[in-house]
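Student: Structure incoming, see below.
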Amino acid sequence: MTENTASADTYEVIVVGGGAAGLSAGLVLGRARRRTLVVDAGEPRNAPAAHMQGYLSRDGMSPAEFLAIGREEIARYGVELVRDRAVDAVRGDGFAVTLASGRTVRARQLVVATGLKDELPPVEGLGERFGRDVLHCPYCHGWEVRDQAFGVLATSPMGVHQALIVTQWSKDVRLFLHTVAEAELSREDLRRLAAAGVDVVPGEVAGLVVADDRLTGVALADGTVHARDALFVAPRAVPRTDLVARLGAETTETPFGTYPVVDGRGLTTVPGLWAAGNVAGFAEQVVNAASRGYRAGAAINGELLMSDLDAAVQV
């Protein structure tokens, strides 16, 4: 398919999702001279964060700036980007994707890079502070709050793991059991917490104490307040897999949600349907998501090329 013969709504590849994974796939495909459309609903997972860390050469850049640069880069190679939401998709001779605007776009291959949504525990004040001094990933934010007084909000026994990990960045850590009973912690958990110097605080957390627009404490339901500078939480990850499910891709249950089954390149169990970034895995940071998008883009170009060559041989 060439640009001269393609209709305005027909592409070789549609990428749904304009975050790191989607833009990276679009960049590779554009450079491979593939007619590509990126559909971006404008809901990046890391929008609450002022900066992103751990991405070599981009450490400390704001997520908004990162995405703006990515959009400029794909545009250089003729990749189209539309601000819209994909609400449905069907597979026949390729894929037909319906957008919220009512437009239907078609492509031979489809990349779903819609990411996931973080659902915070229902504690007053968490949402307003999330990405600032209420944090979820020490690899993303630990350096910025190093040596401060940490709290960890447990919503399951997995909170023990989070509390142990963050001791690499601070030796003043308190694990608030919140909805977890102390009896749910194993002997090994308790031994490790003691060895790491983590204080275990039973009782439900009622809310946060904020002064001068910064976290100063964690308040328990019994009225006691623990002075803390940063609070780590474990949001519930909700993958945005609606399109993948509609197209019948096989999924797998994990402790962190239901994700599509993909091979090493990102191909799902539906031919021509790819998943990249956080929609395919909870732990993908920005740099990993970009890598997954790149890998999918390169694999798609190869798939299209070989398919066209095989078709030509049969003529």
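Convention: chains lettered A, B, ... in structure tokens order; per-chain residue numbering from 1; ligands numbered from 1 as shown.
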Considering only C-alpha atoms, return as a ChimeraX atom specification whatever protein or nucleic-acid residues lie within 8 Å of Ala21 of chain A, sequence-local ones (same chain, fewer than 6 positions apart) excluded.

Tutor: /A:113,276-277,286,289-294

Student: What's the 12 Å shell around Leu175 of chain A, counting only C-alpha atoms, without same-chain residues fewer than 4 positions away, as an mmCIF file with N, CA and C atoms, in the first residue's frame?

Tutor:
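File written: around18.cif
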data_model
loop_
_atom_site.group_PDB
_atom_site.id
_atom_site.type_symbol
_atom_site.label_atom_id
_atom_site.label_comp_id
_atom_site.auth_asym_id
_atom_site.auth_seq_id
_atom_site.Cartn_x
_atom_site.Cartn_y
_atom_site.Cartn_z
ATOM 1 N N ALA A 149 11.296 10.911 55.961
ATOM 2 C CA ALA A 149 10.487 9.976 56.730
ATOM 3 C C ALA A 149 9.425 9.372 55.818
ATOM 4 N N PHE A 150 9.497 8.063 55.599
ATOM 5 C CA PHE A 150 8.598 7.365 54.679
ATOM 6 C C PHE A 150 7.475 6.669 55.447
ATOM 7 N N GLY A 151 6.316 6.635 54.817
ATOM 8 C CA GLY A 151 5.253 5.735 55.223
ATOM 9 C C GLY A 151 4.934 4.830 54.055
ATOM 10 N N VAL A 152 4.461 3.638 54.339
ATOM 11 C CA VAL A 152 3.994 2.710 53.313
ATOM 12 C C VAL A 152 2.593 2.271 53.718
ATOM 13 N N LEU A 153 1.638 2.465 52.836
ATOM 14 C CA LEU A 153 0.252 2.104 53.107
ATOM 15 C C LEU A 153 -0.009 0.705 52.576
ATOM 16 N N ALA A 154 -0.270 -0.228 53.475
ATOM 17 C CA ALA A 154 -0.519 -1.606 53.065
ATOM 18 C C ALA A 154 -1.997 -1.802 52.771
ATOM 19 N N THR A 155 -2.290 -2.414 51.644
ATOM 20 C CA THR A 155 -3.659 -2.824 51.328
ATOM 21 C C THR A 155 -3.737 -4.335 51.149
ATOM 22 N N SER A 156 -2.582 -4.991 51.242
ATOM 23 C CA SER A 156 -2.476 -6.441 51.206
ATOM 24 C C SER A 156 -1.125 -6.788 51.831
ATOM 25 N N PRO A 157 -0.882 -8.058 52.126
ATOM 26 C CA PRO A 157 0.431 -8.432 52.665
ATOM 27 C C PRO A 157 1.594 -8.070 51.744
ATOM 28 N N MET A 158 1.314 -7.804 50.450
ATOM 29 C CA MET A 158 2.361 -7.377 49.528
ATOM 30 C C MET A 158 2.963 -6.038 49.941
ATOM 31 N N GLY A 159 2.262 -5.310 50.815
ATOM 32 C CA GLY A 159 2.815 -4.054 51.306
ATOM 33 C C GLY A 159 4.128 -4.249 52.024
ATOM 34 N N VAL A 160 4.346 -5.431 52.564
ATOM 35 C CA VAL A 160 5.624 -5.734 53.223
ATOM 36 C C VAL A 160 6.763 -5.595 52.226
ATOM 37 N N HIS A 161 6.570 -6.142 51.046
ATOM 38 C CA HIS A 161 7.618 -6.070 50.013
ATOM 39 C C HIS A 161 7.938 -4.618 49.672
ATOM 40 N N GLN A 162 6.913 -3.809 49.516
ATOM 41 C CA GLN A 162 7.124 -2.406 49.189
ATOM 42 C C GLN A 162 7.878 -1.695 50.317
ATOM 43 N N ALA A 163 7.508 -1.995 51.557
ATOM 44 C CA ALA A 163 8.184 -1.373 52.694
ATOM 45 C C ALA A 163 9.658 -1.762 52.741
ATOM 46 N N LEU A 164 9.958 -3.010 52.456
ATOM 47 C CA LEU A 164 11.352 -3.456 52.466
ATOM 48 C C LEU A 164 12.157 -2.795 51.348
ATOM 49 N N ILE A 165 11.556 -2.700 50.167
ATOM 50 C CA ILE A 165 12.265 -2.113 49.029
ATOM 51 C C ILE A 165 12.625 -0.653 49.288
ATOM 52 N N VAL A 166 11.699 0.128 49.870
ATOM 53 C CA VAL A 166 11.954 1.558 50.013
ATOM 54 C C VAL A 166 12.999 1.864 51.078
ATOM 55 N N THR A 167 13.395 0.852 51.880
ATOM 56 C CA THR A 167 14.466 1.106 52.850
ATOM 57 C C THR A 167 15.804 1.354 52.167
ATOM 58 N N THR A 179 -5.701 -1.871 56.272
ATOM 59 C CA THR A 179 -6.732 -2.907 56.231
ATOM 60 C C THR A 179 -6.165 -4.315 56.378
ATOM 61 N N VAL A 180 -4.875 -4.428 56.639
ATOM 62 C CA VAL A 180 -4.215 -5.730 56.771
ATOM 63 C C VAL A 180 -4.056 -6.060 58.253
ATOM 64 N N GLU A 182 -2.357 -7.826 61.427
ATOM 65 C CA GLU A 182 -0.975 -8.210 61.708
ATOM 66 C C GLU A 182 -0.785 -9.717 61.602
ATOM 67 N N LEU A 185 0.663 -11.293 58.373
ATOM 68 C CA LEU A 185 2.086 -11.232 58.046
ATOM 69 C C LEU A 185 2.761 -12.515 58.507
ATOM 70 N N ASP A 189 8.124 -12.391 57.053
ATOM 71 C CA ASP A 189 7.849 -10.961 56.867
ATOM 72 C C ASP A 189 8.302 -10.174 58.085
ATOM 73 N N LEU A 190 7.899 -10.636 59.253
ATOM 74 C CA LEU A 190 8.207 -9.908 60.485
ATOM 75 C C LEU A 190 9.708 -9.878 60.752
ATOM 76 N N LEU A 193 11.216 -7.337 58.261
ATOM 77 C CA LEU A 193 10.864 -5.970 58.645
ATOM 78 C C LEU A 193 11.717 -5.514 59.831
ATOM 79 N N ALA A 194 11.887 -6.392 60.805
ATOM 80 C CA ALA A 194 12.708 -6.049 61.965
ATOM 81 C C ALA A 194 14.163 -5.833 61.567
ATOM 82 N N ALA A 196 15.257 -4.848 58.743
ATOM 83 C CA ALA A 196 15.377 -3.615 57.949
ATOM 84 C C ALA A 196 15.089 -2.372 58.773
ATOM 85 N N GLY A 197 14.634 -2.556 60.010
ATOM 86 C CA GLY A 197 14.337 -1.409 60.860
ATOM 87 C C GLY A 197 13.029 -0.730 60.534
ATOM 88 N N VAL A 198 12.094 -1.471 59.925
ATOM 89 C CA VAL A 198 10.794 -0.910 59.569
ATOM 90 C C VAL A 198 9.844 -1.030 60.761
ATOM 91 N N ASP A 199 9.247 0.077 61.155
ATOM 92 C CA ASP A 199 8.247 0.059 62.222
ATOM 93 C C ASP A 199 6.898 -0.351 61.640
ATOM 94 N N VAL A 200 6.233 -1.302 62.289
ATOM 95 C CA VAL A 200 4.927 -1.761 61.848
ATOM 96 C C VAL A 200 3.866 -1.081 62.702
ATOM 97 N N VAL A 201 2.928 -0.390 62.033
ATOM 98 C CA VAL A 201 1.904 0.393 62.719
ATOM 99 C C VAL A 201 0.538 -0.211 62.400
ATOM 100 N N PRO A 202 -0.106 -0.881 63.372
ATOM 101 C CA PRO A 202 -1.455 -1.414 63.128
ATOM 102 C C PRO A 202 -2.487 -0.294 63.159
ATOM 103 N N GLY A 203 -3.653 -0.583 62.630
ATOM 104 C CA GLY A 203 -4.732 0.398 62.646
ATOM 105 C C GLY A 203 -4.982 0.995 61.276
ATOM 106 N N GLU A 204 -6.245 1.370 61.071
ATOM 107 C CA GLU A 204 -6.657 1.904 59.767
ATOM 108 C C GLU A 204 -6.228 3.351 59.600
ATOM 109 N N VAL A 205 -5.771 3.673 58.397
ATOM 110 C CA VAL A 205 -5.404 5.050 58.066
ATOM 111 C C VAL A 205 -6.659 5.809 57.658
ATOM 112 N N VAL A 218 0.549 11.195 58.587
ATOM 113 C CA VAL A 218 -0.477 10.200 58.274
ATOM 114 C C VAL A 218 -1.338 10.041 59.518
ATOM 115 N N HIS A 226 1.113 10.283 62.665
ATOM 116 C CA HIS A 226 2.522 9.934 62.518
ATOM 117 C C HIS A 226 3.154 10.904 61.522
ATOM 118 N N ARG A 228 5.204 12.118 58.727
ATOM 119 C CA ARG A 228 5.804 11.486 57.542
ATOM 120 C C ARG A 228 5.950 12.534 56.445
ATOM 121 N N LEU A 231 4.587 9.177 51.367
ATOM 122 C CA LEU A 231 3.803 7.969 51.598
ATOM 123 C C LEU A 231 3.784 7.150 50.312
ATOM 124 N N PHE A 232 4.232 5.915 50.410
ATOM 125 C CA PHE A 232 4.193 5.005 49.270
ATOM 126 C C PHE A 232 2.931 4.156 49.346
ATOM 127 N N VAL A 233 2.277 4.009 48.205
ATOM 128 C CA VAL A 233 1.051 3.222 48.105
ATOM 129 C C VAL A 233 1.187 2.250 46.936
#

Student: Using backbone DSSP assignments, extract all helix (DSSP H, G or I) residues from segment 269-311 of chain A; output them as JSON, numbers by chain.

Tutor: {"A": [277, 278, 279, 286, 287, 288, 289, 290, 291, 292, 293, 294, 295, 296, 297, 298, 299, 300, 301, 302, 303, 304, 305, 306, 307, 308, 309, 310, 311]}

Student: Calculated over only C-alpha atoms, which of the candidates A:Ser24, A:Ser7, A:Asn301, A:Thr104 has the smallest distance to Gly70 of chain A?

Tutor: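 Of A:Ser24, A:Ser7, A:Asn301, A:Thr104, the one nearest Gly70 of chain A is A:Ser24, counting only C-alpha atoms.
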
Student: Here is a test: counting only C-alpha atoms, which residue of A:His141, A:Arg76, A:Arg108, A:Arg246 is nearest to Ile300 of chain A?

Tutor: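 Of the candidates, the smallest distance to Ile300 of chain A is held by A:Arg108.
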
Student: Any idea what's packed within 12 Å of Glu124 of chain A, counting only C-alpha atoms, ignoring anything in its chain fewer than 5 positions away? Could you give it as a list in words?

Tutor: Arg129, Phe130, Val134, Val205, Ala206, Gly207, Leu208, Val209, Val210, Val218, Ala219, Leu220 and Ala221 of chain A

Student: I'd like the contact shell of Glu12 of chain A - 8 Å cut-off, only C-alpha atoms, skipping same-chain residues fewer than 5 positions apart - returned as a VMD selection string.

Tutor: chain A and resid 1 34 to 36 107 to 109

Student: Pull C-alpha atoms from the residues just selected and write them as a short mmCIF file (atom, residue, chain, number, x, y, z; two decimals), in the first residue's frame.

Tutor:
data_model
loop_
_atom_site.label_atom_id
_atom_site.label_comp_id
_atom_site.auth_asym_id
_atom_site.auth_seq_id
_atom_site.Cartn_x
_atom_site.Cartn_y
_atom_site.Cartn_z
CA MET A 1 0.00 0.00 0.00
CA ARG A 34 4.60 2.70 6.64
CA ARG A 35 1.39 4.71 6.44
CA THR A 36 0.57 4.92 10.15
CA ALA A 107 -5.55 -0.88 8.80
CA ARG A 108 -3.85 -4.17 8.10
CA GLN A 109 -2.25 -4.29 11.56
#

Student: With only C-alpha atoms as the atoms that count, which of A:Thr254, A:Ser186, A:Ser307, A:Gln148 lies nearest to Gln168 of chain A?

Tutor: A:Gln148

Student: Please give the complete set of residues from segment 146-310 of chain A that DSSP, run on the backbone, assigns to strand (DSSP E), formatted as a PyMOL selection string.

Tutor: chain A and resi 150-153+173-176+199-201+205-211+214-220+225-227+230-232+236-239+251-254+257-260+273-275

Student: Do you know which residues are at most 10 Å from Trp143 of chain A counting only C-alpha atoms, after dropping those on the same chain fewer than 3 positions away, and could you put them as a PyMOL selection string?

Tutor: chain A and resi 53+138-140+146-147+168-170

Student: Taking only C-alpha atoms into account, name the residue in A:Gly272, A:Pro235, A:Gly78, A:Pro122 that is nearest to Phe256 of chain A.

Tutor: A:Pro235

Student: Smallest atom-to-atom distance to Ser101 of chain A: which of A:Ala237, A:Val39, A:Leu116, A:Glu144, using only C-alpha atoms?

Tutor: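 Looking only at the distances to Ser101 of chain A, the closest residue turns out to be A:Val39.
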
Student: Pick the closest to Asp118 of chain A from A:Gly30, A:Pro260, A:Pro48, A:Gly19: which is it, counting only C-alpha atoms?

Tutor: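 Among the listed residues, A:Pro48 lies closest to Asp118 of chain A.
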